[in-house]
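Student: Handing you a structure now.
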Amino acid sequence: NIGLPRLFGGPSRVKIYDVGSYYLFLYSLAQNAFRTIYMDGRDVPENQPLTFVGFSKGRWEGQSLIIETVRLKPMWLDTSGLPMSGAETRIVETYTPSADRLTMDRTMVIQDPLYTKSLVRNRFSARDEDTPLGDNPCDPDSFYYDLVKEGAIEDYFSRKGI
């Protein structure tokens, strides 16, 4: 499985859906894996399992979306073989769109006790609404998109306990 640092840094397309109390990130790189960013201020549940994308909550600071993620599984940070401890890792992402909203600067700060200082990754994204999620998506019929269009995505994920 591909973890959060690789999803962030890889050449993956991501679609972001505003579902109300959370944002849903749908990534093409990981076979259309999804990630939930809670925007309602909730704390991490005590029984939250470790996962490859962790538990994320977000907030707006001006025009920037700040996402804090914890409860990650131990894994490699990237293809260079740098390890990540997982349960003790904290990741903070900042997404800042340009004034015309066509591009976005993205920063990821990884705090992990395996390293003496934070690891920082900077990326840039361009908006392209006409690009499909992937060449071989596992969701070729745009299942998630149809749920969003029908206003049923929040119900779908709440039934799954997400």
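Every chain in the structure tokens takes a letter, A first, then B, and so on in the order presented; its residues are numbered from 1, and the ligands are numbered from 1 following the presented order.
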Could you pull the residues within 7 Å of Leu26 (chain A), counting only C-alpha atoms, minus those fewer than 5 positions along the same chain, as a ChimeraX atom specification?

Tutor: /A:14-16,32-35

Student: Once you have the residues from the selection above, write them out as a compact mmCIF listing (two decimals), in the first residue's frame, restricted to N, CA, C and O atoms.

Tutor:
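File out_15.txt, as written:
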# COMPACT_ATOMS: atom_id res chain seq x y z
N VAL A 14 -5.52 14.00 -7.85
CA VAL A 14 -6.40 13.91 -6.69
C VAL A 14 -7.63 14.77 -6.98
O VAL A 14 -7.52 15.87 -7.52
N LYS A 15 -8.77 14.22 -6.66
CA LYS A 15 -10.01 15.00 -6.73
C LYS A 15 -10.43 15.25 -5.29
O LYS A 15 -10.34 14.36 -4.44
N ILE A 16 -10.87 16.46 -5.01
CA ILE A 16 -11.26 16.84 -3.66
C ILE A 16 -12.74 17.19 -3.68
O ILE A 16 -13.18 18.04 -4.45
N ASN A 32 -7.42 4.71 -6.81
CA ASN A 32 -8.54 5.54 -6.35
C ASN A 32 -8.81 5.39 -4.85
O ASN A 32 -9.95 5.37 -4.40
N ALA A 33 -7.74 5.30 -4.06
CA ALA A 33 -7.88 5.27 -2.61
C ALA A 33 -8.46 6.60 -2.14
O ALA A 33 -8.26 7.63 -2.78
N PHE A 34 -9.18 6.58 -1.05
CA PHE A 34 -9.75 7.82 -0.54
C PHE A 34 -9.20 8.14 0.83
O PHE A 34 -8.67 7.30 1.54
N ARG A 35 -9.36 9.40 1.18
CA ARG A 35 -8.90 9.92 2.47
C ARG A 35 -9.93 10.92 2.95
O ARG A 35 -10.42 11.74 2.18

Student: Which residue out of A:Glu93, A:Glu88, A:Asp40, A:Asp18 has the minimum interatomic distance to Leu4 (chain A) when only C-alpha atoms are used?

Tutor: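 Nearest to Leu4 (chain A): A:Glu93.
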
Student: Mind checking which residues fall within 8 Å of region 112-123 of chain A, counting only C-alpha atoms, ignoring those fewer than 3 positions away in the same chain, and posting them as a CSV table (one decimal) with N, CA, C and O atoms, in the first residue's frame?

Tutor:
chain,number,residue,atom,x,y,z
A,9,GLY,N,3.6,13.2,-2.4
A,9,GLY,CA,4.7,13.6,-3.3
A,9,GLY,C,4.7,13.0,-4.6
A,9,GLY,O,5.4,13.4,-5.5
A,83,PRO,N,12.6,5.4,6.5
A,83,PRO,CA,11.5,4.9,7.3
A,83,PRO,C,10.6,5.9,8.0
A,83,PRO,O,11.1,7.1,8.2
A,84,MET,N,9.4,5.6,8.3
A,84,MET,CA,8.5,6.4,9.1
A,84,MET,C,8.0,5.6,10.3
A,84,MET,O,7.6,4.4,10.1
A,85,SER,N,8.1,6.1,11.5
A,85,SER,CA,7.7,5.3,12.7
A,85,SER,C,6.3,5.0,12.7
A,85,SER,O,5.9,3.9,13.2
A,88,GLU,N,4.0,7.4,16.0
A,88,GLU,CA,4.5,8.6,16.6
A,88,GLU,C,4.7,9.7,15.6
A,88,GLU,O,5.2,10.8,15.9
A,89,THR,N,4.3,9.5,14.3
A,89,THR,CA,4.5,10.5,13.3
A,89,THR,C,3.4,11.4,13.3
A,89,THR,O,2.2,11.1,13.5
A,90,ARG,N,3.7,12.7,13.0
A,90,ARG,CA,2.6,13.7,12.8
A,90,ARG,C,3.0,14.5,11.5
A,90,ARG,O,4.1,14.9,11.3
A,105,ASP,N,0.0,25.8,-4.2
A,105,ASP,CA,1.2,25.4,-3.6
A,105,ASP,C,0.8,24.4,-2.4
A,105,ASP,O,-0.1,24.7,-1.7
A,106,ARG,N,1.6,23.3,-2.3
A,106,ARG,CA,1.4,22.4,-1.3
A,106,ARG,C,2.6,22.1,-0.5
A,106,ARG,O,3.7,22.0,-1.1
A,107,THR,N,2.5,22.1,0.8
A,107,THR,CA,3.7,21.8,1.7
A,107,THR,C,3.3,20.7,2.7
A,107,THR,O,2.2,20.7,3.2
A,108,MET,N,4.2,19.8,2.9
A,108,MET,CA,4.0,18.7,3.9
A,108,MET,C,5.2,18.8,4.8
A,108,MET,O,6.4,18.8,4.4
A,109,VAL,N,4.9,18.8,6.1
A,109,VAL,CA,5.9,18.8,7.2
A,109,VAL,C,5.7,17.5,7.9
A,109,VAL,O,4.6,17.3,8.5

Student: Which residues are close to Leu65 (chain A), i.e. within 10 Å by only C-alpha atoms, leaving aside same-chain residues fewer than 5 positions away? Reply as a list in words.

Tutor: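 Using only C-alpha atoms, the neighbours found are Gly58, Arg59, Trp60, Glu93, Thr94, Tyr95, Thr96, Pro97 and Arg106 of chain A.
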
Student: Distance CA of Ser125 (chain A)-CA of Arg13 (chain A), one decimal place?

Tutor: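 Separating CA of Ser125 (chain A) from CA of Arg13 (chain A) is a distance of 9.2 Å.
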
Student: So which one's closest to Tyr22 (chain A), A:Leu102, A:Ile67, A:Val53, A:Leu7? Using only C-alpha atoms, please.

Tutor: A:Ile67

Student: Rounded to one decimal in Å, what is the spacing between CA of Pro74 (chain A) and CA of Gly3 (chain A)?

Tutor: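 One can read the CA of Pro74 (chain A) to CA of Gly3 (chain A) distance as 9.1 Å.
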
Student: Just how far from CA of Asp43 (chain A) is CA of Gly86 (chain A), in Å to one decimal?

Tutor: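 Between CA of Gly86 (chain A) and CA of Asp43 (chain A) the gap is 18.2 Å.
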
Student: Taking the DSSP secondary structure from the backbone, can you list the residues of region 65-100 of chain A that are strand (DSSP E), as a list in words?

Tutor: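 Result set for region 65-100 of chain A (strand (DSSP E)): Leu65, Ile66, Ile67, Glu68, Thr69, Val70, Met75, Trp76, Pro83, Met84, Arg90, Ile91, Val92, Glu93, Thr94, Tyr95, Thr96 and Pro97 of chain A.
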
Student: For Tyr23 (chain A), work out the shell of residues within 8 Å, counting only C-alpha atoms and skipping chain neighbours fewer than 3 positions away, then give it as a PyMOL selection string.

Tutor: chain A and resi 16-20+36-39

Student: Kindly export the residues of the current selection with all heavy atoms, as a PDB file, in the first residue's frame.

Tutor:
ATOM      1  N   ILE A  16     -10.870  16.458  -5.014  1.00  0.00           N
ATOM      2  CA  ILE A  16     -11.264  16.836  -3.658  1.00  0.00           C
ATOM      3  C   ILE A  16     -12.739  17.186  -3.676  1.00  0.00           C
ATOM      4  O   ILE A  16     -13.176  18.035  -4.450  1.00  0.00           O
ATOM      5  CB  ILE A  16     -10.424  18.031  -3.159  1.00  0.00           C
ATOM      6  CG1 ILE A  16      -8.938  17.678  -3.197  1.00  0.00           C
ATOM      7  CG2 ILE A  16     -10.870  18.431  -1.749  1.00  0.00           C
ATOM      8  CD1 ILE A  16      -8.017  18.852  -2.929  1.00  0.00           C
ATOM      9  N   TYR A  17     -13.496  16.498  -2.827  1.00  0.00           N
ATOM     10  CA  TYR A  17     -14.927  16.730  -2.722  1.00  0.00           C
ATOM     11  C   TYR A  17     -15.248  17.340  -1.365  1.00  0.00           C
ATOM     12  O   TYR A  17     -14.782  16.847  -0.333  1.00  0.00           O
ATOM     13  CB  TYR A  17     -15.705  15.416  -2.863  1.00  0.00           C
ATOM     14  CG  TYR A  17     -15.523  14.746  -4.195  1.00  0.00           C
ATOM     15  CD1 TYR A  17     -14.700  13.632  -4.327  1.00  0.00           C
ATOM     16  CD2 TYR A  17     -16.173  15.223  -5.326  1.00  0.00           C
ATOM     17  CE1 TYR A  17     -14.542  13.005  -5.550  1.00  0.00           C
ATOM     18  CE2 TYR A  17     -16.015  14.595  -6.556  1.00  0.00           C
ATOM     19  CZ  TYR A  17     -15.204  13.496  -6.653  1.00  0.00           C
ATOM     20  OH  TYR A  17     -15.039  12.881  -7.872  1.00  0.00           O
ATOM     21  N   ASP A  18     -16.054  18.378  -1.360  1.00  0.00           N
ATOM     22  CA  ASP A  18     -16.557  18.979  -0.119  1.00  0.00           C
ATOM     23  C   ASP A  18     -17.850  18.265   0.218  1.00  0.00           C
ATOM     24  O   ASP A  18     -18.856  18.419  -0.464  1.00  0.00           O
ATOM     25  CB  ASP A  18     -16.798  20.474  -0.327  1.00  0.00           C
ATOM     26  CG  ASP A  18     -17.259  21.180   0.933  1.00  0.00           C
ATOM     27  OD1 ASP A  18     -17.600  20.496   1.929  1.00  0.00           O
ATOM     28  OD2 ASP A  18     -17.285  22.421   0.922  1.00  0.00           O
ATOM     29  N   VAL A  19     -17.816  17.462   1.272  1.00  0.00           N
ATOM     30  CA  VAL A  19     -18.969  16.642   1.637  1.00  0.00           C
ATOM     31  C   VAL A  19     -19.743  17.253   2.807  1.00  0.00           C
ATOM     32  O   VAL A  19     -20.718  16.699   3.276  1.00  0.00           O
ATOM     33  CB  VAL A  19     -18.508  15.195   1.950  1.00  0.00           C
ATOM     34  CG1 VAL A  19     -19.670  14.281   2.210  1.00  0.00           C
ATOM     35  CG2 VAL A  19     -17.674  14.648   0.801  1.00  0.00           C
ATOM     36  N   GLY A  20     -19.342  18.384   3.271  1.00  0.00           N
ATOM     37  CA  GLY A  20     -20.039  19.041   4.375  1.00  0.00           C
ATOM     38  C   GLY A  20     -19.166  19.106   5.601  1.00  0.00           C
ATOM     39  O   GLY A  20     -18.423  20.059   5.785  1.00  0.00           O
ATOM     40  N   THR A  36     -10.275  10.869   4.221  1.00  0.00           N
ATOM     41  CA  THR A  36     -11.253  11.769   4.814  1.00  0.00           C
ATOM     42  C   THR A  36     -10.539  12.813   5.651  1.00  0.00           C
ATOM     43  O   THR A  36      -9.705  12.471   6.502  1.00  0.00           O
ATOM     44  CB  THR A  36     -12.237  10.985   5.703  1.00  0.00           C
ATOM     45  OG1 THR A  36     -12.826   9.943   4.919  1.00  0.00           O
ATOM     46  CG2 THR A  36     -13.317  11.869   6.255  1.00  0.00           C
ATOM     47  N   ILE A  37     -10.854  14.104   5.421  1.00  0.00           N
ATOM     48  CA  ILE A  37     -10.298  15.207   6.197  1.00  0.00           C
ATOM     49  C   ILE A  37     -11.459  15.829   6.960  1.00  0.00           C
ATOM     50  O   ILE A  37     -12.295  16.520   6.382  1.00  0.00           O
ATOM     51  CB  ILE A  37      -9.662  16.304   5.299  1.00  0.00           C
ATOM     52  CG1 ILE A  37      -8.774  15.765   4.175  1.00  0.00           C
ATOM     53  CG2 ILE A  37      -8.959  17.338   6.164  1.00  0.00           C
ATOM     54  CD1 ILE A  37      -7.797  14.718   4.480  1.00  0.00           C
ATOM     55  N   TYR A  38     -11.546  15.566   8.251  1.00  0.00           N
ATOM     56  CA  TYR A  38     -12.658  16.078   9.060  1.00  0.00           C
ATOM     57  C   TYR A  38     -12.471  17.558   9.324  1.00  0.00           C
ATOM     58  O   TYR A  38     -11.413  17.999   9.748  1.00  0.00           O
ATOM     59  CB  TYR A  38     -12.758  15.305  10.374  1.00  0.00           C
ATOM     60  CG  TYR A  38     -13.139  13.867  10.141  1.00  0.00           C
ATOM     61  CD1 TYR A  38     -12.175  12.860  10.166  1.00  0.00           C
ATOM     62  CD2 TYR A  38     -14.457  13.517   9.870  1.00  0.00           C
ATOM     63  CE1 TYR A  38     -12.529  11.536   9.928  1.00  0.00           C
ATOM     64  CE2 TYR A  38     -14.811  12.199   9.625  1.00  0.00           C
ATOM     65  CZ  TYR A  38     -13.836  11.216   9.656  1.00  0.00           C
ATOM     66  OH  TYR A  38     -14.180   9.911   9.413  1.00  0.00           O
ATOM     67  N   MET A  39     -13.533  18.328   9.101  1.00  0.00           N
ATOM     68  CA  MET A  39     -13.483  19.782   9.245  1.00  0.00           C
ATOM     69  C   MET A  39     -14.326  20.271  10.420  1.00  0.00           C
ATOM     70  O   MET A  39     -14.503  21.462  10.596  1.00  0.00           O
ATOM     71  CB  MET A  39     -13.972  20.446   7.948  1.00  0.00           C
ATOM     72  CG  MET A  39     -13.121  20.125   6.734  1.00  0.00           C
ATOM     73  SD  MET A  39     -11.411  20.676   6.855  1.00  0.00           S
ATOM     74  CE  MET A  39     -11.639  22.453   6.794  1.00  0.00           C
TER      75      MET A  39
END
